[in-house]
>>> print(open('start_14.txt').read())   # compact mmCIF, C-alpha atoms and all ligand atoms
# COMPACT_ATOMS: atom_id res chain seq x y z
CA MET A 48 0.00 0.00 0.00
CA PRO A 49 1.39 3.47 -0.85
CA LYS A 50 2.72 5.37 2.18
CA GLU A 51 0.34 8.35 1.58
CA LYS A 52 -2.74 6.11 1.59
CA VAL A 53 -1.64 4.45 4.85
CA ASN A 54 -1.28 7.90 6.48
CA ASN A 55 -4.76 8.95 5.31
CA THR A 56 -6.31 5.80 6.73
CA ARG A 57 -4.55 6.28 10.08
CA ARG A 58 -5.60 9.94 10.21
CA LYS A 59 -9.26 9.03 9.66
CA ALA A 60 -9.07 6.33 12.32
CA LEU A 61 -7.56 8.83 14.78
CA GLN A 62 -10.25 11.42 14.00
CA ILE A 63 -13.03 8.90 14.65
CA THR A 64 -11.42 7.75 17.92
CA SER A 65 -11.01 11.29 19.25
CA SER A 66 -14.63 12.19 18.32
CA VAL A 67 -15.91 9.16 20.22
CA VAL A 68 -13.73 9.95 23.26
CA GLY A 69 -14.96 13.57 23.12
CA ALA A 70 -18.59 12.52 22.99
CA VAL A 71 -18.13 10.11 25.88
CA THR A 72 -16.37 12.81 27.93
CA VAL A 73 -19.15 15.34 27.25
CA ALA A 74 -21.78 12.77 28.15
CA GLY A 75 -19.88 11.91 31.34
CA PHE A 76 -19.90 15.55 32.44
CA ALA A 77 -23.38 16.23 31.17
CA VAL A 78 -25.16 13.56 33.22
CA PRO A 79 -24.49 15.11 36.64
CA PHE A 80 -25.50 18.55 35.31
CA LEU A 81 -28.66 17.23 33.71
CA SER A 82 -29.64 15.42 36.88
CA ALA A 83 -29.11 18.67 38.80
CA TRP A 84 -31.55 20.41 36.44
CA GLN A 85 -34.30 17.85 37.01
CA PRO A 86 -36.72 19.03 39.73
CA SER A 87 -36.75 16.61 42.66
CA GLU A 88 -39.92 14.69 43.52
CA ARG A 89 -40.31 16.98 46.52
CA ALA A 90 -40.00 20.11 44.36
CA LYS A 91 -42.48 18.67 41.88
CA ALA A 92 -44.91 17.95 44.70
CA LEU A 93 -44.50 21.48 46.05
CA GLY A 94 -45.33 23.00 42.67
CA ALA A 95 -48.18 20.63 41.90
CA SER A 96 -51.78 21.75 41.83
CA VAL A 97 -54.08 20.72 44.69
CA LYS A 98 -57.62 19.40 44.28
CA TYR A 99 -60.39 19.92 46.78
CA ASP A 100 -63.83 18.30 46.78
CA LEU A 101 -66.27 21.16 47.33
CA SER A 102 -69.26 18.88 47.85
CA LYS A 103 -68.27 18.33 51.48
CA LEU A 104 -68.09 22.03 52.34
CA GLU A 105 -71.34 23.33 53.86
CA PRO A 106 -72.53 26.89 53.13
CA GLY A 107 -70.83 29.20 55.63
CA ALA A 108 -67.98 26.77 56.30
CA MET A 109 -64.33 27.34 55.49
CA ALA A 110 -61.66 24.78 54.61
CA VAL A 111 -57.93 25.39 54.69
CA VAL A 112 -55.68 23.53 52.27
CA GLU A 113 -51.98 23.91 51.74
CA TRP A 114 -50.65 24.86 48.33
CA ARG A 115 -46.99 25.71 47.78
CA ARG A 116 -46.56 25.92 51.54
CA THR A 117 -49.25 28.60 51.70
CA PRO A 118 -52.57 28.16 53.50
CA ILE A 119 -55.46 28.64 51.10
CA PHE A 120 -58.83 29.60 52.54
CA ILE A 121 -61.84 28.15 50.72
CA VAL A 122 -65.15 29.61 51.84
CA HIS A 123 -68.55 28.35 50.79
CA GLN A 124 -70.51 31.59 50.71
CA THR A 125 -74.04 31.72 52.05
CA THR A 126 -76.74 33.36 49.94
CA GLU A 127 -76.81 36.24 52.39
CA ALA A 128 -73.05 36.74 52.19
CA ILE A 129 -73.17 36.83 48.39
CA LYS A 130 -75.95 39.39 48.56
CA ASN A 131 -73.97 41.55 51.02
CA LEU A 132 -70.73 41.71 49.04
CA PRO A 133 -71.70 44.56 46.65
CA SER A 134 -72.90 46.65 49.59
CA LEU A 135 -69.32 46.60 50.91
CA ASN A 136 -67.86 48.20 47.78
CA GLN A 137 -67.82 51.59 49.54
CA LYS A 138 -66.08 50.25 52.64
CA VAL A 139 -63.24 48.39 50.99
CA ALA A 140 -60.09 50.10 49.74
CA ASN A 141 -60.01 48.23 46.44
CA PRO A 142 -63.41 46.86 45.37
CA ALA A 143 -61.60 44.83 42.70
CA LEU A 144 -64.56 45.24 40.37
CA GLU A 145 -62.43 44.17 37.43
CA GLU A 146 -62.12 40.77 39.11
CA GLY A 147 -65.84 40.56 39.84
CA VAL A 148 -67.07 41.25 43.36
CA SER A 149 -66.59 37.65 44.46
CA ARG A 150 -63.12 37.50 42.80
CA THR A 151 -63.72 33.95 41.54
CA THR A 152 -65.49 32.48 38.53
CA ASN A 153 -67.88 30.75 40.92
CA GLU A 154 -69.40 33.31 43.29
CA LYS A 155 -70.44 30.56 45.70
CA PHE A 156 -66.82 30.02 46.71
CA SER A 157 -64.15 32.40 47.86
CA VAL A 158 -60.57 31.21 47.33
CA VAL A 159 -57.83 33.36 48.87
CA LYS A 160 -54.40 33.01 50.38
CA GLY A 161 -54.66 32.95 54.17
CA VAL A 162 -51.84 35.41 54.62
CA CYS A 163 -52.42 38.98 55.77
CA THR A 164 -50.97 41.45 53.28
CA HIS A 165 -49.65 43.64 56.10
CA LEU A 166 -47.03 41.48 57.86
CA SER A 167 -48.14 37.98 56.93
CA CYS A 168 -50.12 36.96 60.04
CA ALA A 169 -52.97 34.50 59.57
CA PRO A 170 -56.32 36.33 59.44
CA LYS A 171 -59.15 34.65 61.36
CA TYR A 172 -62.41 33.66 59.68
CA HIS A 173 -65.46 35.41 61.14
CA PRO A 174 -68.45 34.65 58.91
CA GLU A 175 -71.03 35.85 61.46
CA ILE A 176 -73.10 38.81 60.33
CA GLU A 177 -73.26 40.63 63.63
CA PRO A 178 -71.64 43.54 65.47
CA LYS A 179 -68.04 42.87 66.42
CA ALA A 180 -65.55 44.70 68.61
CA TRP A 181 -63.72 45.81 65.47
CA ASP A 182 -66.82 46.68 63.40
CA GLU A 183 -70.36 47.37 64.59
CA ASP A 184 -71.70 46.68 61.13
CA TRP A 185 -69.73 43.49 60.45
CA LYS A 186 -70.96 41.57 57.41
CA GLY A 187 -68.64 38.59 57.82
CA GLY A 188 -65.08 38.27 56.63
CA PHE A 189 -61.55 37.89 57.94
CA PHE A 190 -60.03 39.78 60.84
CA CYS A 191 -56.30 39.85 61.42
CA PRO A 192 -55.61 39.80 65.18
CA CYS A 193 -52.03 41.05 64.79
CA HIS A 194 -52.77 44.69 63.93
CA GLY A 195 -56.50 44.78 63.21
CA SER A 196 -56.79 44.55 59.43
CA LYS A 197 -60.23 43.59 58.11
CA PHE A 198 -61.14 41.83 54.88
CA ASP A 199 -64.57 40.98 53.54
CA LEU A 200 -65.57 37.44 52.55
CA ALA A 201 -64.06 37.93 49.09
CA GLY A 202 -60.75 38.89 50.72
CA ARG A 203 -61.09 42.61 49.90
CA VAL A 204 -59.29 44.83 52.39
CA TYR A 205 -61.23 47.50 54.26
CA LYS A 206 -60.20 51.14 54.16
CA ASN A 207 -58.04 52.60 56.96
CA VAL A 208 -56.40 49.40 58.17
CA PRO A 209 -52.69 48.48 58.13
CA ALA A 210 -52.96 45.89 55.32
CA PRO A 211 -52.31 47.68 52.01
CA THR A 212 -53.92 45.24 49.58
CA ASN A 213 -56.59 42.60 49.20
CA LEU A 214 -55.85 39.00 50.20
CA GLU A 215 -54.24 37.38 47.19
CA VAL A 216 -56.27 35.04 45.01
CA PRO A 217 -54.23 32.00 43.92
CA PRO A 218 -54.68 30.68 40.37
CA HIS A 219 -57.58 28.27 40.50
CA SER A 220 -60.38 26.76 38.46
CA PHE A 221 -63.54 24.76 39.01
CA GLN A 222 -64.43 21.43 37.42
CA GLY A 223 -67.86 20.48 38.64
CA ASP A 224 -67.52 19.96 42.39
CA THR A 225 -63.74 19.97 42.23
CA LEU A 226 -61.67 23.03 42.95
CA ILE A 227 -58.20 22.94 41.41
CA ILE A 228 -55.73 25.28 43.09
CA GLY A 229 -52.64 26.06 41.03
CA GLU A 230 -54.32 25.93 37.61
CA ALA A 231 -56.28 28.87 36.28
S1 LIG B 301 -50.19 41.30 59.95
FE1 LIG B 301 -52.32 41.48 59.70
S2 LIG B 301 -52.71 43.46 60.36
FE2 LIG B 301 -50.59 43.31 60.57
>>> encode(input="start_14.txt", output="structure tokens")
Amino acid sequence: MPKEKVNNTRRKALQITSSVVGAVTVAGFAVPFLSAWQPSERAKALGASVKYDLSKLEPGAMAVVEWRRTPIFIVHQTTEAIKNLPSLNQKVANPALEEGVSRTTNEKFSVVKGVCTHLSCAPKYHPEIEPKAWDEDWKGGFFCPCHGSKFDLAGRVYKNVPAPTNLEVPPHSFQGDTLIIGEA
């Protein structure tokens, strides 16, 4: 075989070998990185949506479920509470009319984060429509015991309280009797 042809054959063989070694090396480094990019089962669970069966929640009752480490308040509104909400538009700082008075697509249920927008205390649920120490004309809602912020049953903050904004509404949707928190 001519010397030049032998050299060409050897060169090709060397090129193939070094490409294979390179690919193996890249793959060897890439695996640990790729596995670091995969969310852990725990992280996946934390980000997952949460389902709640609304059929077991009586009118006037509230359930608390955890979503992304945040308590979510689910309130089954009474007919009277639904009727009262528009009358509170003047008392709340942000009536949130663009969201609809009930702030959900199903006015029978209020779905809000149970975290006061002042300094993150947990507001207490007071659905009773009766005079309270903090409001003689109380129409039901949430009262934050830390510094006295008041929210109506749709989570809208009253005027002249420390909390600056309404209770947040998490992304959610309704499928029949099932509430899905985490998916709009
Ligand atoms: S944390 Fe709720 S009023 Fe301050």
>>> closest_residue(input="start_14.txt", among="A:Val204, A:Ala140, A:Glu215, A:Lys197", to="Lys179 (chain A)", atoms="all atoms listed in the file")
A:Lys197
>>> closest_atom_pairs(input="start_14.txt", of="chain A", to="ligand LIG 301 (chain B)", cutoff="12 Å", atoms="all atoms listed in the file", output="JSON lines")
{"residue": "A:Gly161", "atom": "CA", "partner": "B:LIG301", "partner_atom": "FE1", "distance": 10.4}
{"residue": "A:Val162", "atom": "CA", "partner": "B:LIG301", "partner_atom": "FE1", "distance": 7.9}
{"residue": "A:Cys163", "atom": "CA", "partner": "B:LIG301", "partner_atom": "FE1", "distance": 4.7}
{"residue": "A:Thr164", "atom": "CA", "partner": "B:LIG301", "partner_atom": "FE1", "distance": 6.6}
{"residue": "A:His165", "atom": "CA", "partner": "B:LIG301", "partner_atom": "S1", "distance": 4.5}
{"residue": "A:Leu166", "atom": "CA", "partner": "B:LIG301", "partner_atom": "S1", "distance": 3.8}
{"residue": "A:Ser167", "atom": "CA", "partner": "B:LIG301", "partner_atom": "S1", "distance": 4.9}
{"residue": "A:Cys168", "atom": "CA", "partner": "B:LIG301", "partner_atom": "S1", "distance": 4.3}
{"residue": "A:Ala169", "atom": "CA", "partner": "B:LIG301", "partner_atom": "FE1", "distance": 7.0}
{"residue": "A:Pro170", "atom": "CA", "partner": "B:LIG301", "partner_atom": "FE1", "distance": 6.5}
{"residue": "A:Lys171", "atom": "CA", "partner": "B:LIG301", "partner_atom": "FE1", "distance": 9.8}
{"residue": "A:Phe189", "atom": "CA", "partner": "B:LIG301", "partner_atom": "FE1", "distance": 10.1}
{"residue": "A:Phe190", "atom": "CA", "partner": "B:LIG301", "partner_atom": "FE1", "distance": 8.0}
{"residue": "A:Cys191", "atom": "CA", "partner": "B:LIG301", "partner_atom": "FE1", "distance": 4.6}
{"residue": "A:Pro192", "atom": "CA", "partner": "B:LIG301", "partner_atom": "FE1", "distance": 6.6}
{"residue": "A:Cys193", "atom": "CA", "partner": "B:LIG301", "partner_atom": "FE2", "distance": 5.0}
{"residue": "A:His194", "atom": "CA", "partner": "B:LIG301", "partner_atom": "S2", "distance": 3.8}
{"residue": "A:Gly195", "atom": "CA", "partner": "B:LIG301", "partner_atom": "S2", "distance": 4.9}
{"residue": "A:Ser196", "atom": "CA", "partner": "B:LIG301", "partner_atom": "S2", "distance": 4.3}
{"residue": "A:Lys197", "atom": "CA", "partner": "B:LIG301", "partner_atom": "S2", "distance": 7.9}
{"residue": "A:Phe198", "atom": "CA", "partner": "B:LIG301", "partner_atom": "FE1", "distance": 10.1}
{"residue": "A:Val204", "atom": "CA", "partner": "B:LIG301", "partner_atom": "S2", "distance": 10.4}
{"residue": "A:Tyr205", "atom": "CA", "partner": "B:LIG301", "partner_atom": "S2", "distance": 11.2}
{"residue": "A:Asn207", "atom": "CA", "partner": "B:LIG301", "partner_atom": "S2", "distance": 11.1}
{"residue": "A:Val208", "atom": "CA", "partner": "B:LIG301", "partner_atom": "S2", "distance": 7.3}
{"residue": "A:Pro209", "atom": "CA", "partner": "B:LIG301", "partner_atom": "S2", "distance": 5.5}
{"residue": "A:Ala210", "atom": "CA", "partner": "B:LIG301", "partner_atom": "S2", "distance": 5.6}
{"residue": "A:Pro211", "atom": "CA", "partner": "B:LIG301", "partner_atom": "S2", "distance": 9.4}
{"residue": "A:Thr212", "atom": "CA", "partner": "B:LIG301", "partner_atom": "FE1", "distance": 10.9}
{"residue": "A:Asn213", "atom": "CA", "partner": "B:LIG301", "partner_atom": "FE1", "distance": 11.4}
{"residue": "A:Leu214", "atom": "CA", "partner": "B:LIG301", "partner_atom": "FE1", "distance": 10.4}
>>> closest_residue(input="start_14.txt", among="A:Ser87, A:Thr126, A:Thr117, A:Ser134", to="Asp184 (chain A)", atoms="all atoms listed in the file")
A:Ser134
>>> atom_distance(input="start_14.txt", atom1="CA of Tyr99 (chain A)", atom2="CA of His219 (chain A)")
10.8 Å
>>> closest_residue(input="start_14.txt", among="A:Arg116, A:Lys138, A:Lys160, A:His173", to="Lys206 (chain A)", atoms="all atoms listed in the file")
A:Lys138
>>> residues_around(input="start_14.txt", residues="Ala110 (chain A)", least_positions_apart="2", cutoff="12 Å", atoms="all atoms listed in the file", output="VMD selection string")
chain A and resid 99 to 108 112 to 113 118 to 124 156 to 161 172 226
>>> write_last_selection(input="start_14.txt", atoms="C-alpha atoms", output="short mmCIF file (atom, residue, chain, number, x, y, z; two decimals), keeping the file's coordinate frame")
data_model
loop_
_atom_site.label_atom_id
_atom_site.label_comp_id
_atom_site.auth_asym_id
_atom_site.auth_seq_id
_atom_site.Cartn_x
_atom_site.Cartn_y
_atom_site.Cartn_z
CA TYR A 99 -60.39 19.92 46.78
CA ASP A 100 -63.83 18.30 46.78
CA LEU A 101 -66.27 21.16 47.33
CA SER A 102 -69.26 18.88 47.85
CA LYS A 103 -68.27 18.33 51.48
CA LEU A 104 -68.09 22.03 52.34
CA GLU A 105 -71.34 23.33 53.86
CA PRO A 106 -72.53 26.89 53.13
CA GLY A 107 -70.83 29.20 55.63
CA ALA A 108 -67.98 26.77 56.30
CA VAL A 112 -55.68 23.53 52.27
CA GLU A 113 -51.98 23.91 51.74
CA PRO A 118 -52.57 28.16 53.50
CA ILE A 119 -55.46 28.64 51.10
CA PHE A 120 -58.83 29.60 52.54
CA ILE A 121 -61.84 28.15 50.72
CA VAL A 122 -65.15 29.61 51.84
CA HIS A 123 -68.55 28.35 50.79
CA GLN A 124 -70.51 31.59 50.71
CA PHE A 156 -66.82 30.02 46.71
CA SER A 157 -64.15 32.40 47.86
CA VAL A 158 -60.57 31.21 47.33
CA VAL A 159 -57.83 33.36 48.87
CA LYS A 160 -54.40 33.01 50.38
CA GLY A 161 -54.66 32.95 54.17
CA TYR A 172 -62.41 33.66 59.68
CA LEU A 226 -61.67 23.03 42.95
#
>>> atom_distance(input="start_14.txt", atom1="CA of Asp224 (chain A)", atom2="CA of Pro174 (chain A)")
22.1 Å
>>> residues_around(input="start_14.txt", residues="Gly94 (chain A)", least_positions_apart="5", cutoff="9 Å", atoms="all atoms listed in the file", output="VMD selection string")
chain A and resid 89 114 to 115 229
>>> atom_distance(input="start_14.txt", atom1="CA of Gly147 (chain A)", atom2="CA of Arg203 (chain A)")
11.3 Å
>>> residues_near_point(input="start_14.txt", point="(-69.9, 46.6, 45.8)", cutoff="12 Å", atoms="all atoms listed in the file", output="PDB file with C-alpha atoms, keeping the file's coordinate frame")
ATOM      1  CA  ILE A 129     -73.170  36.830  48.390  1.00  0.00           C
ATOM      2  CA  LYS A 130     -75.950  39.390  48.560  1.00  0.00           C
ATOM      3  CA  ASN A 131     -73.970  41.550  51.020  1.00  0.00           C
ATOM      4  CA  LEU A 132     -70.730  41.710  49.040  1.00  0.00           C
ATOM      5  CA  PRO A 133     -71.700  44.560  46.650  1.00  0.00           C
ATOM      6  CA  SER A 134     -72.900  46.650  49.590  1.00  0.00           C
ATOM      7  CA  LEU A 135     -69.320  46.600  50.910  1.00  0.00           C
ATOM      8  CA  ASN A 136     -67.860  48.200  47.780  1.00  0.00           C
ATOM      9  CA  GLN A 137     -67.820  51.590  49.540  1.00  0.00           C
ATOM     10  CA  LYS A 138     -66.080  50.250  52.640  1.00  0.00           C
ATOM     11  CA  VAL A 139     -63.240  48.390  50.990  1.00  0.00           C
ATOM     12  CA  ALA A 140     -60.090  50.100  49.740  1.00  0.00           C
ATOM     13  CA  ASN A 141     -60.010  48.230  46.440  1.00  0.00           C
ATOM     14  CA  PRO A 142     -63.410  46.860  45.370  1.00  0.00           C
ATOM     15  CA  ALA A 143     -61.600  44.830  42.700  1.00  0.00           C
ATOM     16  CA  LEU A 144     -64.560  45.240  40.370  1.00  0.00           C
ATOM     17  CA  GLU A 145     -62.430  44.170  37.430  1.00  0.00           C
ATOM     18  CA  GLU A 146     -62.120  40.770  39.110  1.00  0.00           C
ATOM     19  CA  GLY A 147     -65.840  40.560  39.840  1.00  0.00           C
ATOM     20  CA  VAL A 148     -67.070  41.250  43.360  1.00  0.00           C
ATOM     21  CA  SER A 149     -66.590  37.650  44.460  1.00  0.00           C
ATOM     22  CA  ARG A 150     -63.120  37.500  42.800  1.00  0.00           C
ATOM     23  CA  ASP A 199     -64.570  40.980  53.540  1.00  0.00           C
ATOM     24  CA  ALA A 201     -64.060  37.930  49.090  1.00  0.00           C
ATOM     25  CA  ARG A 203     -61.090  42.610  49.900  1.00  0.00           C
TER      26      ARG A 203
END
>>> axis_aligned_box(input="start_14.txt", around="region 213-223 of chain A", padding_each_side="5 Å", output="AutoDock Vina command-line options")
--center_x -61.0 --center_y 31.5 --center_z 43.8 --size_x 23.6 --size_y 32.1 --size_z 22.8
>>> decode(input="start_14.txt", residues="region 90-118 of chain A", atoms="N, CA, C and O atoms", output="PDB file, in the first residue's frame")
ATOM      1  N   ALA A  90     -39.738  18.825  45.015  1.00  0.00           N
ATOM      2  CA  ALA A  90     -39.996  20.111  44.361  1.00  0.00           C
ATOM      3  C   ALA A  90     -41.212  20.016  43.461  1.00  0.00           C
ATOM      4  O   ALA A  90     -42.036  20.928  43.403  1.00  0.00           O
ATOM      5  N   LYS A  91     -41.321  18.855  42.770  1.00  0.00           N
ATOM      6  CA  LYS A  91     -42.482  18.670  41.876  1.00  0.00           C
ATOM      7  C   LYS A  91     -43.769  18.693  42.701  1.00  0.00           C
ATOM      8  O   LYS A  91     -44.759  19.295  42.322  1.00  0.00           O
ATOM      9  N   ALA A  92     -43.711  18.007  43.862  1.00  0.00           N
ATOM     10  CA  ALA A  92     -44.907  17.946  44.704  1.00  0.00           C
ATOM     11  C   ALA A  92     -45.273  19.339  45.214  1.00  0.00           C
ATOM     12  O   ALA A  92     -46.441  19.704  45.294  1.00  0.00           O
ATOM     13  N   LEU A  93     -44.237  20.132  45.527  1.00  0.00           N
ATOM     14  CA  LEU A  93     -44.500  21.481  46.046  1.00  0.00           C
ATOM     15  C   LEU A  93     -45.164  22.361  44.994  1.00  0.00           C
ATOM     16  O   LEU A  93     -45.983  23.210  45.303  1.00  0.00           O
ATOM     17  N   GLY A  94     -44.783  22.170  43.733  1.00  0.00           N
ATOM     18  CA  GLY A  94     -45.331  23.004  42.670  1.00  0.00           C
ATOM     19  C   GLY A  94     -46.638  22.473  42.101  1.00  0.00           C
ATOM     20  O   GLY A  94     -47.287  23.150  41.311  1.00  0.00           O
ATOM     21  N   ALA A  95     -47.013  21.273  42.505  1.00  0.00           N
ATOM     22  CA  ALA A  95     -48.183  20.632  41.902  1.00  0.00           C
ATOM     23  C   ALA A  95     -49.478  21.337  42.310  1.00  0.00           C
ATOM     24  O   ALA A  95     -49.542  21.989  43.352  1.00  0.00           O
ATOM     25  N   SER A  96     -50.487  21.179  41.474  1.00  0.00           N
ATOM     26  CA  SER A  96     -51.784  21.750  41.833  1.00  0.00           C
ATOM     27  C   SER A  96     -52.434  20.860  42.902  1.00  0.00           C
ATOM     28  O   SER A  96     -52.053  19.700  43.073  1.00  0.00           O
ATOM     29  N   VAL A  97     -53.391  21.437  43.605  1.00  0.00           N
ATOM     30  CA  VAL A  97     -54.076  20.717  44.687  1.00  0.00           C
ATOM     31  C   VAL A  97     -55.561  20.686  44.368  1.00  0.00           C
ATOM     32  O   VAL A  97     -56.128  21.697  43.942  1.00  0.00           O
ATOM     33  N   LYS A  98     -56.181  19.515  44.546  1.00  0.00           N
ATOM     34  CA  LYS A  98     -57.621  19.400  44.278  1.00  0.00           C
ATOM     35  C   LYS A  98     -58.391  19.341  45.589  1.00  0.00           C
ATOM     36  O   LYS A  98     -57.919  18.745  46.559  1.00  0.00           O
ATOM     37  N   TYR A  99     -59.553  19.957  45.575  1.00  0.00           N
ATOM     38  CA  TYR A  99     -60.390  19.916  46.777  1.00  0.00           C
ATOM     39  C   TYR A  99     -61.831  19.630  46.364  1.00  0.00           C
ATOM     40  O   TYR A  99     -62.370  20.259  45.448  1.00  0.00           O
ATOM     41  N   ASP A 100     -62.448  18.674  47.070  1.00  0.00           N
ATOM     42  CA  ASP A 100     -63.829  18.296  46.777  1.00  0.00           C
ATOM     43  C   ASP A 100     -64.780  19.258  47.504  1.00  0.00           C
ATOM     44  O   ASP A 100     -64.911  19.208  48.728  1.00  0.00           O
ATOM     45  N   LEU A 101     -65.414  20.128  46.737  1.00  0.00           N
ATOM     46  CA  LEU A 101     -66.266  21.163  47.331  1.00  0.00           C
ATOM     47  C   LEU A 101     -67.588  20.615  47.871  1.00  0.00           C
ATOM     48  O   LEU A 101     -68.250  21.281  48.656  1.00  0.00           O
ATOM     49  N   SER A 102     -67.952  19.399  47.456  1.00  0.00           N
ATOM     50  CA  SER A 102     -69.264  18.880  47.851  1.00  0.00           C
ATOM     51  C   SER A 102     -69.353  18.671  49.358  1.00  0.00           C
ATOM     52  O   SER A 102     -70.441  18.586  49.918  1.00  0.00           O
ATOM     53  N   LYS A 103     -68.200  18.568  50.028  1.00  0.00           N
ATOM     54  CA  LYS A 103     -68.265  18.331  51.477  1.00  0.00           C
ATOM     55  C   LYS A 103     -68.205  19.624  52.296  1.00  0.00           C
ATOM     56  O   LYS A 103     -68.182  19.570  53.520  1.00  0.00           O
ATOM     57  N   LEU A 104     -68.179  20.757  51.621  1.00  0.00           N
ATOM     58  CA  LEU A 104     -68.095  22.030  52.343  1.00  0.00           C
ATOM     59  C   LEU A 104     -69.480  22.691  52.426  1.00  0.00           C
ATOM     60  O   LEU A 104     -70.045  23.114  51.415  1.00  0.00           O
ATOM     61  N   GLU A 105     -70.000  22.749  53.639  1.00  0.00           N
ATOM     62  CA  GLU A 105     -71.337  23.326  53.860  1.00  0.00           C
ATOM     63  C   GLU A 105     -71.314  24.836  53.630  1.00  0.00           C
ATOM     64  O   GLU A 105     -70.280  25.472  53.861  1.00  0.00           O
ATOM     65  N   PRO A 106     -72.467  25.422  53.237  1.00  0.00           N
ATOM     66  CA  PRO A 106     -72.526  26.892  53.127  1.00  0.00           C
ATOM     67  C   PRO A 106     -72.147  27.531  54.467  1.00  0.00           C
ATOM     68  O   PRO A 106     -72.602  27.088  55.524  1.00  0.00           O
ATOM     69  N   GLY A 107     -71.287  28.507  54.420  1.00  0.00           N
ATOM     70  CA  GLY A 107     -70.834  29.196  55.632  1.00  0.00           C
ATOM     71  C   GLY A 107     -69.553  28.602  56.209  1.00  0.00           C
ATOM     72  O   GLY A 107     -68.912  29.214  57.063  1.00  0.00           O
ATOM     73  N   ALA A 108     -69.180  27.414  55.749  1.00  0.00           N
ATOM     74  CA  ALA A 108     -67.976  26.773  56.301  1.00  0.00           C
ATOM     75  C   ALA A 108     -66.741  27.171  55.500  1.00  0.00           C
ATOM     76  O   ALA A 108     -66.830  27.567  54.334  1.00  0.00           O
ATOM     77  N   MET A 109     -65.597  27.054  56.164  1.00  0.00           N
ATOM     78  CA  MET A 109     -64.326  27.336  55.492  1.00  0.00           C
ATOM     79  C   MET A 109     -63.389  26.140  55.631  1.00  0.00           C
ATOM     80  O   MET A 109     -63.330  25.517  56.696  1.00  0.00           O
ATOM     81  N   ALA A 110     -62.685  25.820  54.560  1.00  0.00           N
ATOM     82  CA  ALA A 110     -61.657  24.779  54.611  1.00  0.00           C
ATOM     83  C   ALA A 110     -60.305  25.460  54.364  1.00  0.00           C
ATOM     84  O   ALA A 110     -60.237  26.503  53.706  1.00  0.00           O
ATOM     85  N   VAL A 111     -59.280  24.870  54.926  1.00  0.00           N
ATOM     86  CA  VAL A 111     -57.927  25.385  54.687  1.00  0.00           C
ATOM     87  C   VAL A 111     -57.122  24.263  54.063  1.00  0.00           C
ATOM     88  O   VAL A 111     -57.052  23.167  54.608  1.00  0.00           O
ATOM     89  N   VAL A 112     -56.558  24.517  52.887  1.00  0.00           N
ATOM     90  CA  VAL A 112     -55.681  23.526  52.269  1.00  0.00           C
ATOM     91  C   VAL A 112     -54.323  24.178  52.037  1.00  0.00           C
ATOM     92  O   VAL A 112     -54.227  25.411  51.967  1.00  0.00           O
ATOM     93  N   GLU A 113     -53.310  23.358  51.948  1.00  0.00           N
ATOM     94  CA  GLU A 113     -51.975  23.909  51.737  1.00  0.00           C
ATOM     95  C   GLU A 113     -51.601  23.791  50.273  1.00  0.00           C
ATOM     96  O   GLU A 113     -51.757  22.730  49.673  1.00  0.00           O
ATOM     97  N   TRP A 114     -51.130  24.858  49.719  1.00  0.00           N
ATOM     98  CA  TRP A 114     -50.650  24.856  48.326  1.00  0.00           C
ATOM     99  C   TRP A 114     -49.362  25.681  48.291  1.00  0.00           C
ATOM    100  O   TRP A 114     -49.340  26.820  48.734  1.00  0.00           O
ATOM    101  N   ARG A 115     -48.309  25.056  47.806  1.00  0.00           N
ATOM    102  CA  ARG A 115     -46.995  25.713  47.779  1.00  0.00           C
ATOM    103  C   ARG A 115     -46.644  26.321  49.134  1.00  0.00           C
ATOM    104  O   ARG A 115     -46.240  27.485  49.230  1.00  0.00           O
ATOM    105  N   ARG A 116     -46.868  25.538  50.166  1.00  0.00           N
ATOM    106  CA  ARG A 116     -46.555  25.923  51.541  1.00  0.00           C
ATOM    107  C   ARG A 116     -47.340  27.142  52.013  1.00  0.00           C
ATOM    108  O   ARG A 116     -46.924  27.839  52.945  1.00  0.00           O
ATOM    109  N   THR A 117     -48.427  27.448  51.321  1.00  0.00           N
ATOM    110  CA  THR A 117     -49.250  28.595  51.702  1.00  0.00           C
ATOM    111  C   THR A 117     -50.641  28.093  52.061  1.00  0.00           C
ATOM    112  O   THR A 117     -51.211  27.295  51.319  1.00  0.00           O
ATOM    113  N   PRO A 118     -51.193  28.558  53.185  1.00  0.00           N
ATOM    114  CA  PRO A 118     -52.573  28.160  53.496  1.00  0.00           C
ATOM    115  C   PRO A 118     -53.535  28.851  52.531  1.00  0.00           C
ATOM    116  O   PRO A 118     -53.418  30.054  52.290  1.00  0.00           O
TER     117      PRO A 118
END
